[in-house]
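For reference, input.txt is printed below; it contains compact mmCIF, C-alpha atoms.
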```txt
# COMPACT_ATOMS: atom_id res chain seq x y z
CA MET A 1343 0.00 0.00 0.00
CA ARG A 1344 1.20 3.47 -0.82
CA GLY A 1345 0.67 4.87 2.69
CA ALA A 1346 2.35 1.96 4.43
CA TYR A 1347 5.31 2.07 2.06
CA ALA A 1348 5.78 5.83 2.45
CA ALA A 1349 5.58 5.45 6.22
CA HIS A 1350 8.25 2.75 6.11
CA MET A 1351 10.58 4.92 4.06
CA MET A 1352 10.23 7.75 6.58
CA ARG A 1353 10.86 5.46 9.55
CA ALA A 1354 13.81 3.81 7.80
CA ALA A 1355 15.35 7.17 6.97
CA ILE A 1356 15.07 8.30 10.58
CA ALA A 1357 16.39 5.03 11.96
CA VAL A 1358 19.45 4.86 9.73
CA SER A 1359 20.25 8.56 9.91
CA SER A 1360 19.93 8.91 13.67
CA VAL A 1361 22.37 6.12 14.44
CA VAL A 1362 25.13 7.63 12.31
CA LEU A 1363 24.42 11.30 12.97
CA GLY A 1364 27.67 13.24 13.17
CA LEU A 1365 29.68 10.48 11.53
CA VAL A 1366 31.45 10.64 8.20
CA LEU A 1367 32.83 7.98 5.91
CA PRO A 1368 36.60 7.55 6.15
CA ALA A 1369 38.73 8.46 3.16
CA VAL A 1370 39.06 4.81 2.13
CA ALA A 1371 36.35 3.17 0.04
CA GLY A 1372 35.42 -0.12 -1.58
CA ASP A 1373 37.33 -3.11 -0.22
CA ALA A 1374 39.47 -0.70 1.80
CA LEU A 1375 36.52 -0.33 4.14
CA PRO A 1376 37.20 -1.59 7.65
CA PRO A 1377 36.17 -5.17 8.39
CA VAL A 1378 32.56 -5.69 9.42
CA ASP A 1379 31.34 -8.65 11.47
CA ALA A 1380 27.97 -9.04 9.74
CA ALA A 1381 27.32 -12.33 11.52
CA LYS A 1382 27.64 -10.57 14.88
CA VAL A 1383 25.26 -7.85 13.68
CA ALA A 1384 22.65 -10.46 12.75
CA ARG A 1385 23.25 -12.48 15.91
CA GLU A 1386 22.78 -9.48 18.21
CA ILE A 1387 19.84 -7.85 16.44
CA ARG A 1388 17.62 -10.75 15.37
CA PRO A 1389 16.59 -11.92 18.87
CA ARG A 1390 15.59 -8.39 19.89
CA HIS A 1391 12.95 -8.34 17.17
CA GLU A 1392 11.96 -12.00 17.51
CA VAL A 1393 12.07 -12.74 13.77
CA PRO A 1394 12.92 -16.28 12.58
CA ALA A 1395 16.02 -15.26 10.60
CA LEU A 1396 18.07 -12.21 9.71
CA VAL A 1397 20.61 -11.99 6.89
CA CYS A 1398 22.70 -8.87 6.29
CA ALA A 1399 25.60 -7.78 4.12
CA VAL A 1400 27.97 -4.97 3.24
CA VAL A 1401 28.66 -4.70 -0.50
CA THR A 1402 31.28 -2.80 -2.50
CA LYS A 1403 32.02 -2.52 -6.21
CA GLU A 1404 34.07 -5.69 -5.83
CA GLY A 1405 31.13 -7.64 -4.41
CA VAL A 1406 30.38 -8.93 -0.91
CA HIS A 1407 32.55 -7.21 1.69
CA ALA A 1408 30.84 -8.92 4.62
CA ILE A 1409 27.84 -11.18 5.00
CA GLY A 1410 26.27 -12.84 8.01
CA ALA A 1411 23.12 -14.63 9.09
CA ASP A 1412 21.39 -15.74 12.25
CA GLY A 1413 18.25 -17.72 12.97
CA VAL A 1414 16.34 -20.52 11.32
CA ARG A 1415 14.74 -21.16 7.96
CA ARG A 1416 11.39 -22.02 9.52
CA ALA A 1417 9.99 -21.09 12.92
CA GLY A 1418 10.17 -24.08 15.23
CA GLY A 1419 12.82 -25.77 13.07
CA ASP A 1420 16.54 -26.13 13.60
CA ALA A 1421 17.90 -25.63 10.05
CA ALA A 1422 20.08 -22.51 10.28
CA VAL A 1423 19.71 -19.78 7.69
CA THR A 1424 22.76 -18.81 5.62
CA GLY A 1425 23.81 -15.94 3.38
CA ASP A 1426 23.38 -18.25 0.40
CA ASP A 1427 19.73 -19.05 1.11
CA ARG A 1428 17.07 -17.71 -1.22
CA ILE A 1429 15.25 -14.65 0.10
CA HIS A 1430 12.23 -12.88 -1.36
CA LEU A 1431 13.01 -9.37 -2.63
CA GLY A 1432 9.47 -8.04 -2.87
CA SER A 1433 9.47 -4.51 -4.27
CA CYS A 1434 13.26 -4.46 -4.49
CA THR A 1435 12.47 -6.26 -7.77
CA LYS A 1436 11.58 -2.84 -9.18
CA ALA A 1437 15.23 -1.82 -9.52
CA PHE A 1438 15.81 -4.95 -11.63
CA THR A 1439 12.89 -4.00 -13.88
CA ALA A 1440 14.19 -0.47 -14.37
CA THR A 1441 17.62 -1.91 -15.19
CA LEU A 1442 16.08 -4.25 -17.76
CA ALA A 1443 14.36 -1.25 -19.32
CA ALA A 1444 17.76 0.47 -19.46
CA VAL A 1445 19.14 -2.48 -21.45
CA PHE A 1446 16.55 -1.96 -24.18
CA VAL A 1447 16.82 1.83 -24.07
CA ALA A 1448 20.58 1.54 -24.58
CA GLU A 1449 19.98 -0.74 -27.57
CA GLY A 1450 17.42 1.61 -29.11
CA ALA A 1451 14.50 -0.80 -28.78
CA MET A 1452 12.85 1.61 -26.34
CA ARG A 1453 13.15 5.20 -25.19
CA TRP A 1454 12.52 6.54 -21.71
CA ASP A 1455 9.65 8.44 -23.31
CA THR A 1456 8.24 5.43 -25.15
CA THR A 1457 4.52 5.59 -24.52
CA VAL A 1458 1.71 3.23 -23.68
CA GLY A 1459 0.18 4.35 -26.97
CA GLU A 1460 3.18 3.05 -28.91
CA THR A 1461 3.15 -0.35 -27.23
CA VAL A 1462 0.39 -1.82 -25.09
CA ALA A 1463 -2.39 0.36 -26.49
CA LEU A 1464 -1.85 -0.86 -30.06
CA SER A 1465 -4.09 -3.81 -29.24
CA LEU A 1466 -6.49 -1.76 -27.09
CA PRO A 1467 -8.18 0.75 -29.39
CA ASP A 1468 -10.91 1.68 -26.90
CA ILE A 1469 -8.85 2.70 -23.87
CA ASP A 1470 -9.03 6.20 -22.44
CA PRO A 1471 -6.92 8.39 -24.77
CA ALA A 1472 -5.10 9.86 -21.75
CA TRP A 1473 -3.24 6.57 -21.30
CA ARG A 1474 -1.63 6.86 -24.72
CA ALA A 1475 0.75 9.62 -23.68
CA VAL A 1476 1.95 7.95 -20.45
CA THR A 1477 5.66 7.14 -20.75
CA LEU A 1478 7.90 4.34 -19.58
CA GLU A 1479 9.77 6.78 -17.34
CA GLN A 1480 6.56 8.01 -15.73
CA LEU A 1481 5.56 4.44 -14.92
CA LEU A 1482 8.96 3.64 -13.44
CA ARG A 1483 8.76 6.80 -11.31
CA HIS A 1484 5.22 5.96 -10.13
CA ARG A 1485 3.89 9.01 -11.97
CA GLY A 1486 1.94 7.31 -14.74
CA GLY A 1487 -1.52 7.94 -13.35
CA VAL A 1488 -1.90 4.31 -12.28
CA PRO A 1489 -3.83 3.91 -9.01
CA THR A 1490 -2.07 2.41 -6.04
CA ALA A 1491 -4.76 -0.21 -5.46
CA PRO A 1492 -5.84 -2.47 -8.34
CA ASP A 1493 -9.46 -3.13 -9.22
CA PRO A 1494 -10.61 -5.93 -6.86
CA LYS A 1495 -12.00 -8.06 -9.70
CA ALA A 1496 -8.81 -7.71 -11.74
CA TRP A 1497 -6.73 -8.55 -8.65
CA ALA A 1498 -8.79 -11.66 -7.93
CA ALA A 1499 -8.51 -12.72 -11.57
CA ALA A 1500 -4.73 -12.29 -11.45
CA PHE A 1501 -4.49 -14.52 -8.37
CA GLY A 1502 -6.63 -17.14 -10.07
CA CYS A 1503 -4.91 -16.97 -13.46
CA GLY A 1504 -3.45 -20.32 -14.47
CA ASP A 1505 -2.09 -19.25 -17.85
CA SER A 1506 1.49 -18.32 -18.67
CA PRO A 1507 2.97 -15.35 -16.78
CA LYS A 1508 2.83 -13.23 -19.94
CA ALA A 1509 -0.80 -14.10 -20.59
CA CYS A 1510 -1.75 -13.35 -16.98
CA ARG A 1511 0.18 -10.06 -17.14
CA THR A 1512 -1.48 -9.09 -20.41
CA ALA A 1513 -4.94 -9.64 -18.94
CA PHE A 1514 -4.09 -7.75 -15.76
CA VAL A 1515 -2.62 -4.80 -17.67
CA GLU A 1516 -5.61 -4.64 -19.99
CA ALA A 1517 -7.90 -4.53 -16.94
CA ALA A 1518 -5.84 -1.71 -15.44
CA LEU A 1519 -5.98 0.28 -18.66
CA ALA A 1520 -9.74 -0.21 -18.90
CA LYS A 1521 -9.99 2.37 -16.10
CA SER A 1522 -9.12 6.02 -16.62
CA PRO A 1523 -5.74 7.26 -15.31
CA VAL A 1524 -5.75 9.37 -12.17
CA GLY A 1525 -3.25 12.17 -11.59
CA ILE A 1526 -0.74 11.61 -14.39
CA GLY A 1527 2.50 13.27 -13.32
CA THR A 1528 1.73 12.96 -9.60
CA PHE A 1529 3.56 10.39 -7.45
CA ALA A 1530 1.42 7.39 -6.50
CA TYR A 1531 3.29 4.21 -5.59
CA SER A 1532 1.84 1.52 -7.85
CA ASN A 1533 2.68 -2.12 -8.46
CA GLN A 1534 0.22 -1.97 -11.35
CA GLY A 1535 2.36 0.67 -13.01
CA TYR A 1536 5.35 -1.67 -12.98
CA ALA A 1537 3.22 -4.45 -14.45
CA ILE A 1538 2.40 -2.10 -17.34
CA ALA A 1539 6.08 -1.20 -17.72
CA GLY A 1540 6.95 -4.91 -17.77
CA ARG A 1541 4.39 -5.50 -20.49
CA MET A 1542 5.86 -2.58 -22.49
CA ILE A 1543 9.29 -4.20 -22.21
CA GLU A 1544 7.93 -7.53 -23.46
CA ILE A 1545 6.43 -5.80 -26.51
CA ALA A 1546 9.55 -3.75 -27.21
CA ALA A 1547 11.60 -6.96 -27.12
CA GLY A 1548 9.40 -8.52 -29.81
CA ASP A 1549 6.68 -10.02 -27.58
CA THR A 1550 8.06 -13.53 -27.98
CA LYS A 1551 9.47 -13.86 -24.46
CA ASP A 1552 8.03 -13.02 -21.08
CA TYR A 1553 9.44 -10.52 -18.62
CA GLU A 1554 10.86 -13.28 -16.45
CA THR A 1555 12.90 -14.75 -19.33
CA LEU A 1556 14.06 -11.33 -20.50
CA LEU A 1557 15.26 -10.38 -17.03
CA ALA A 1558 17.07 -13.69 -16.67
CA GLU A 1559 18.78 -13.47 -20.05
CA ARG A 1560 19.54 -9.76 -20.26
CA VAL A 1561 20.36 -8.78 -16.66
CA LEU A 1562 20.79 -11.71 -14.30
CA ALA A 1563 22.89 -14.03 -16.49
CA PRO A 1564 25.39 -11.30 -17.47
CA LEU A 1565 25.86 -10.50 -13.77
CA GLY A 1566 26.47 -14.16 -12.95
CA ILE A 1567 23.25 -14.47 -10.94
CA THR A 1568 22.07 -18.07 -11.29
CA ARG A 1569 20.14 -18.97 -8.12
CA PHE A 1570 16.97 -16.96 -8.62
CA GLY A 1571 13.30 -17.42 -9.33
CA PHE A 1572 9.88 -15.81 -9.06
CA GLY A 1573 7.29 -16.51 -6.41
CA VAL A 1574 7.72 -18.66 -3.30
CA PRO A 1575 11.38 -19.69 -2.74
CA THR A 1576 10.49 -23.09 -1.26
CA LYS A 1577 8.74 -24.12 -4.46
CA ALA A 1578 12.14 -24.17 -6.17
CA ASP A 1579 13.99 -25.68 -3.23
CA ALA A 1580 12.22 -27.16 -0.22
CA ALA A 1581 15.30 -26.41 1.89
CA SER A 1582 14.91 -22.67 1.30
CA PRO A 1583 13.67 -20.49 4.16
CA ALA A 1584 9.91 -20.19 4.48
CA GLY A 1585 8.12 -16.88 4.71
CA HIS A 1586 6.21 -16.03 7.90
CA THR A 1587 3.28 -13.82 8.78
CA GLU A 1588 3.74 -10.87 11.11
CA GLN A 1589 2.66 -13.20 13.92
CA GLY A 1590 5.48 -15.62 13.07
CA ALA A 1591 3.45 -18.39 11.42
CA PRO A 1592 5.01 -20.03 8.34
CA ARG A 1593 3.04 -19.24 5.20
CA GLU A 1594 4.14 -19.90 1.63
CA ILE A 1595 2.23 -17.56 -0.64
CA ASP A 1596 3.18 -14.74 -2.99
CA ASN A 1597 1.69 -12.04 -5.19
CA PRO A 1598 0.36 -13.14 -8.60
CA ASN A 1599 2.85 -13.54 -11.45
CA ALA A 1600 1.04 -10.75 -13.32
CA ILE A 1601 2.96 -8.24 -11.20
CA ALA A 1602 6.33 -9.98 -11.31
CA PRO A 1603 8.00 -6.77 -12.58
CA ALA A 1604 6.84 -5.08 -9.38
CA GLY A 1605 7.85 -7.62 -6.80
CA THR A 1606 8.08 -11.42 -7.02
CA LEU A 1607 11.82 -12.01 -7.55
CA TYR A 1608 13.88 -14.07 -5.11
CA MET A 1609 17.59 -14.89 -4.81
CA PRO A 1610 20.23 -15.23 -2.08
CA LEU A 1611 21.61 -12.05 -0.55
CA SER A 1612 25.00 -13.13 -1.93
CA GLU A 1613 23.50 -13.00 -5.45
CA TRP A 1614 21.59 -9.76 -4.87
CA ALA A 1615 24.97 -8.26 -3.97
CA LYS A 1616 26.13 -8.74 -7.60
CA PHE A 1617 23.29 -6.55 -8.83
CA VAL A 1618 23.93 -3.97 -6.13
CA ALA A 1619 27.64 -3.88 -7.01
CA PHE A 1620 26.65 -3.07 -10.61
CA HIS A 1621 24.64 -0.11 -9.33
CA LEU A 1622 27.61 1.00 -7.24
CA GLY A 1623 29.60 1.32 -10.46
CA ALA A 1624 31.38 -2.02 -10.74
CA LYS A 1625 32.89 -2.80 -14.14
CA ALA A 1626 29.99 -3.93 -16.27
CA PRO A 1627 30.02 -7.14 -18.30
CA ALA A 1628 29.90 -6.54 -22.04
CA ALA A 1629 26.17 -7.33 -22.22
CA LEU A 1630 25.41 -4.58 -19.70
CA GLU A 1631 27.76 -1.85 -20.85
CA GLY A 1632 24.88 0.03 -22.44
CA ALA A 1633 22.77 -0.25 -19.30
CA ALA A 1634 25.75 0.93 -17.25
CA ARG A 1635 25.78 4.15 -19.27
CA GLU A 1636 22.16 4.63 -18.23
CA LEU A 1637 22.93 4.41 -14.50
CA PRO A 1638 22.95 8.21 -14.04
CA LYS A 1639 19.43 8.26 -15.49
CA LEU A 1640 18.28 5.38 -13.28
CA HIS A 1641 19.68 7.07 -10.17
CA ALA A 1642 18.55 10.63 -10.91
CA ARG A 1643 15.72 11.91 -8.76
CA ALA A 1644 12.67 13.52 -10.32
CA LYS A 1645 13.24 17.21 -11.06
CA ASP A 1646 10.49 18.37 -8.73
CA SER A 1647 10.96 15.75 -6.00
CA PRO A 1648 13.77 14.62 -3.70
CA PHE A 1649 12.19 11.18 -3.48
CA GLU A 1650 11.85 8.91 -6.48
CA ALA A 1651 14.37 7.67 -9.06
CA LEU A 1652 13.82 4.79 -11.52
CA GLY A 1653 13.38 1.60 -9.52
CA TRP A 1654 14.91 3.28 -6.47
CA MET A 1655 14.10 5.98 -3.94
CA THR A 1656 16.67 8.67 -3.28
CA GLY A 1657 17.98 10.76 -0.42
CA THR A 1658 21.01 12.52 0.99
CA ARG A 1659 22.83 11.28 4.09
CA PRO A 1660 25.96 12.53 5.87
CA TRP A 1661 27.45 9.04 5.77
CA GLY A 1662 26.80 8.40 2.07
CA GLY A 1663 26.10 11.59 0.16
CA ALA A 1664 23.46 10.93 -2.49
CA VAL A 1665 22.01 7.54 -1.58
CA LEU A 1666 19.61 5.06 -3.14
CA THR A 1667 17.24 2.90 -1.14
CA HIS A 1668 14.27 0.61 -1.46
CA ALA A 1669 12.39 -1.84 0.72
CA GLY A 1670 10.43 -4.90 -0.30
CA SER A 1671 7.82 -7.12 1.28
CA ASN A 1672 5.12 -9.51 0.17
CA THR A 1673 3.99 -9.49 3.85
CA MET A 1674 5.77 -12.83 4.45
CA TRP A 1675 9.29 -11.46 3.90
CA TYR A 1676 11.00 -8.12 4.35
CA CYS A 1677 14.20 -6.68 2.90
CA VAL A 1678 15.84 -3.30 2.47
CA ALA A 1679 18.85 -1.90 0.61
CA TRP A 1680 20.81 1.31 1.14
CA LEU A 1681 23.37 2.24 -1.53
CA ALA A 1682 25.98 5.00 -1.37
CA PRO A 1683 27.42 5.04 -4.92
CA GLU A 1684 29.55 8.12 -4.18
CA LYS A 1685 31.25 6.19 -1.38
CA GLY A 1686 31.34 2.82 -3.11
CA PHE A 1687 29.43 0.74 -0.59
CA ALA A 1688 25.96 -0.52 0.25
CA VAL A 1689 24.20 -2.39 3.06
CA LEU A 1690 21.48 -5.03 2.65
CA ALA A 1691 19.27 -6.78 5.18
CA ALA A 1692 16.47 -9.32 4.88
CA THR A 1693 14.27 -11.47 7.09
CA ASN A 1694 11.78 -14.24 6.42
CA GLN A 1695 8.89 -12.51 8.17
CA GLY A 1696 6.69 -9.56 7.36
CA GLY A 1697 5.43 -6.71 9.52
CA ASP A 1698 6.83 -4.12 11.89
CA ALA A 1699 9.25 -6.42 13.71
CA ALA A 1700 10.83 -7.45 10.42
CA GLU A 1701 11.13 -3.84 9.35
CA GLY A 1702 12.71 -2.89 12.64
CA ALA A 1703 15.24 -5.72 12.51
CA CYS A 1704 16.38 -4.85 8.99
CA ASP A 1705 16.58 -1.13 9.67
CA GLU A 1706 18.62 -1.69 12.83
CA ALA A 1707 20.95 -4.09 11.00
CA CYS A 1708 21.54 -1.57 8.22
CA ALA A 1709 22.25 1.19 10.71
CA ALA A 1710 24.70 -1.04 12.59
CA MET A 1711 26.58 -1.97 9.42
CA ILE A 1712 26.77 1.65 8.27
CA GLN A 1713 28.11 2.61 11.69
CA ALA A 1714 30.73 -0.14 11.40
CA VAL A 1715 32.19 1.38 8.23
CA VAL A 1716 31.86 4.99 9.35
CA LYS A 1717 34.30 6.78 11.59
CA PRO A 1718 33.63 9.65 14.04
CA ALA A 1719 34.32 13.02 12.47
CA ALA A 1720 37.85 14.08 13.26
CA LYS A 1721 38.05 16.63 16.05
CA PRO A 1722 39.79 19.90 15.25
CA GLU A 1723 43.41 20.02 16.39
```

Translate the structure of the given file into structure tokens.
Amino acid sequence: MRGAYAAHMMRAAIAVSSVVLGLVLPAVAGDALPPVDAAKVAREIRPRHEVPALVCAVVTKEGVHAIGADGVRRAGGDAAVTGDDRIHLGSCTKAFTATLAAVFVAEGAMRWDTTVGETVALSLPDIDPAWRAVTLEQLLRHRGGVPTAPDPKAWAAAFGCGDSPKACRTAFVEAALAKSPVGIGTFAYSNQGYAIAGRMIEIAAGDTKDYETLLAERVLAPLGITRFGFGVPTKADAASPAGHTEQGAPREIDNPNAIAPAGTLYMPLSEWAKFVAFHLGAKAPAALEGAARELPKLHARAKDSPFEALGWMTGTRPWGGAVLTHAGSNTMWYCVAWLAPEKGFAVLAATNQGGDAAEGACDEACAAMIQAVVKPAAKPE
């Protein structure tokens, strides 16, 4: 929900900023950062929030600088979680979708101002004409006039859709576009908007492959990310951690595949780190050199807002300068990322539970890891 997400971002900003207030990053960067005991961070913080598991990491352009985990894969079980276990990324999937769009923009198959009218609307002659001018960039910035909440009937149909992901997405997008846009140009956090953007990408790529395949082939494979999937992690590997409700009960359910571009991706934190390193400015593989040139566009905040970028949210912090952040949750998992590209490092945290306790655990872990790589400001001589 838009309100809940915005509230989280405010609380996360306060939590992370307050812990490191008055601290500055040392002159060193990247792998020259001081050592961080991420396992100790997870071990000390997880029990305070009573979540089943907590995984956290510090990432540089070179990859994982530190990673640690504490807790169990399933409440009541004894299988310990690890940094290589699959975790659900929720809305942190959005940065992957924006990066996939950058691949096709760099190749000339799309533009940031490619419109709904040029793509999806070609097969929908009766939609409200206002949709036709909505651009890819507007959708990725949550400014495309797409409501935060989907139509209940369309949402129920998406959950019940047994067709291919692309077919389910097509039907869901068509249902969304059957309604008139609301507030084009005004920020409204919308998973539906990312579903439309994903459908635009499918069409721009020739409409022969689904979003999931395109992301795998054009972004994940070049980065060396192999242990990923969409939906519930345990469906791919029964030994993966299970998601849990806010009350701590195991529950293995996810959002419908129609909104995969908005938030159904999973992978280990150690694999997510490869994507984050790319956004920190790591040397890009040949297949992503074009997308790497689009990073300034992806990271740039909207001209009239200090908040949204493309797939990320933005801010300014004393410990990181211009930072990127995003949180993700399907209500059974929670994760958050904070990137400081100017300083060459990032922190990630994830837990296999949803709700306030999960949010608090991840925010505290991120603050602790930032503090570990930040030094007190030097006192005047």

Hey, could you make a per-residue contact list for stretch 1552-1601 of chain A against stretch 1660-1684 of chain A with 8 Å as the cut-off, showing the nearest pair of atoms and its distance in Å to one decimal, counting all atoms listed in the file, sorted by chain and number, as a tab-separated table?
```
residue	atom	partner	partner_atom	distance
A:Gly1585	CA	A:Met1674	CA	4.7
A:His1586	CA	A:Met1674	CA	4.7
A:Thr1587	CA	A:Met1674	CA	5.1
A:Glu1588	CA	A:Met1674	CA	7.2
A:Arg1593	CA	A:Met1674	CA	7.0
A:Glu1594	CA	A:Met1674	CA	7.8
A:Ile1595	CA	A:Met1674	CA	7.8
A:Asp1596	CA	A:Asn1672	CA	6.4
A:Asn1597	CA	A:Asn1672	CA	6.8
```

Tell me, as a compact mmCIF listing (two decimals) with C-alpha atoms, in the frame of the given file, which residues lie within 12 Å of A:Asn1599, counting all atoms listed in the file; anything in the same chain fewer than 4 positions away does not count.
```
# COMPACT_ATOMS: atom_id res chain seq x y z
CA TRP A 1497 -6.73 -8.55 -8.65
CA ALA A 1499 -8.51 -12.72 -11.57
CA ALA A 1500 -4.73 -12.29 -11.45
CA PHE A 1501 -4.49 -14.52 -8.37
CA GLY A 1502 -6.63 -17.14 -10.07
CA CYS A 1503 -4.91 -16.97 -13.46
CA GLY A 1504 -3.45 -20.32 -14.47
CA ASP A 1505 -2.09 -19.25 -17.85
CA SER A 1506 1.49 -18.32 -18.67
CA PRO A 1507 2.97 -15.35 -16.78
CA LYS A 1508 2.83 -13.23 -19.94
CA ALA A 1509 -0.80 -14.10 -20.59
CA CYS A 1510 -1.75 -13.35 -16.98
CA ARG A 1511 0.18 -10.06 -17.14
CA THR A 1512 -1.48 -9.09 -20.41
CA ALA A 1513 -4.94 -9.64 -18.94
CA PHE A 1514 -4.09 -7.75 -15.76
CA ASN A 1533 2.68 -2.12 -8.46
CA GLN A 1534 0.22 -1.97 -11.35
CA ALA A 1537 3.22 -4.45 -14.45
CA GLY A 1540 6.95 -4.91 -17.77
CA ASP A 1552 8.03 -13.02 -21.08
CA TYR A 1553 9.44 -10.52 -18.62
CA GLU A 1554 10.86 -13.28 -16.45
CA GLY A 1571 13.30 -17.42 -9.33
CA PHE A 1572 9.88 -15.81 -9.06
CA GLY A 1573 7.29 -16.51 -6.41
CA VAL A 1574 7.72 -18.66 -3.30
CA ILE A 1595 2.23 -17.56 -0.64
CA PRO A 1603 8.00 -6.77 -12.58
CA ALA A 1604 6.84 -5.08 -9.38
CA GLY A 1605 7.85 -7.62 -6.80
CA THR A 1606 8.08 -11.42 -7.02
CA LEU A 1607 11.82 -12.01 -7.55
```

Handout entry: Among listed residues A:Cys1704, A:Met1542, A:Leu1622, A:Leu1690, nearest A:Leu1464 (using all atoms listed in the file)
Key =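 The answer is A:Met1542, which sits nearest to A:Leu1464.
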
Practice task
Counting only C-alpha atoms, select every polymer residue within 10 Å of (18.3, -12.1, 14.7) as defined in the file's coordinates, and provide the selection as an MDAnalysis selection string.
Solution key: chainID A and resid 1381:1397 1411:1414 1693 1700 1703:1704 1707

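Take atom CA of A:Ala1399 and atom CA of A:Ile1712: the distance between them is 10.4 Å.
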
Exercise for the section: List the neighbours of A:Asp1470 out to 9 Å using all atoms listed in the file; skip same-chain residues closer than 5 positions along the sequence, and give me the result as a list in words. Expected result: Leu1519, Ala1520, Lys1521, Ser1522 and Pro1523 of chain A

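Taking only C-alpha atoms, the non-local environment of A:Ala1463 within 9 Å (same-chain residues fewer than 6 positions away omitted) comprises Thr1457, Ile1469, Trp1473, Arg1474, Glu1516 and Leu1519 of chain A.
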
If you keep C-alpha atoms, can you produce a file of those selected residues as a compact mmCIF listing (two decimals), keeping the file's coordinate frame?
```txt
# COMPACT_ATOMS: atom_id res chain seq x y z
CA THR A 1457 4.52 5.59 -24.52
CA ILE A 1469 -8.85 2.70 -23.87
CA TRP A 1473 -3.24 6.57 -21.30
CA ARG A 1474 -1.63 6.86 -24.72
CA GLU A 1516 -5.61 -4.64 -19.99
CA LEU A 1519 -5.98 0.28 -18.66
```

Practice task
List the neighbours of A:Ala1440 out to 8 Å using all atoms listed in the file; skip same-chain residues closer than 2 positions along the sequence, and give me the result as a PyMOL selection string.
Solution key: chain A and resi 1436-1438+1442-1444+1482+1640+1652-1653

Quick one: write out the picked residues with C-alpha atoms as a PDB file, in the frame of the given file?
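Output (result03.pdb):
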```
ATOM      1  CA  LYS A1436      11.580  -2.840  -9.180  1.00  0.00           C
ATOM      2  CA  ALA A1437      15.230  -1.820  -9.520  1.00  0.00           C
ATOM      3  CA  PHE A1438      15.810  -4.950 -11.630  1.00  0.00           C
ATOM      4  CA  LEU A1442      16.080  -4.250 -17.760  1.00  0.00           C
ATOM      5  CA  ALA A1443      14.360  -1.250 -19.320  1.00  0.00           C
ATOM      6  CA  ALA A1444      17.760   0.470 -19.460  1.00  0.00           C
ATOM      7  CA  LEU A1482       8.960   3.640 -13.440  1.00  0.00           C
ATOM      8  CA  LEU A1640      18.280   5.380 -13.280  1.00  0.00           C
ATOM      9  CA  LEU A1652      13.820   4.790 -11.520  1.00  0.00           C
ATOM     10  CA  GLY A1653      13.380   1.600  -9.520  1.00  0.00           C
TER      11      GLY A1653
END
```

Handout entry: Sel. within 6 Å of pt (12.0, -9.4, -2.5), counting only C-alpha atoms, output as a ChimeraX atom specification
Key = /A:1430-1434,1607-1608,1670

Problem - One-decimal distance in Å that lies between atom CA of A:Val1462 and atom CA of A:Phe1649 - result: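 Answer for the atom CA of A:Phe1649 to atom CA of A:Val1462 separation: 27.8 Å.
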
Fill in the blank from the handout: In terms of only C-alpha atoms, the residue from A:Val1488, A:Leu1611, A:Val1458, A:Ala1692 at minimal distance from A:Cys1708 is A:Ala1692
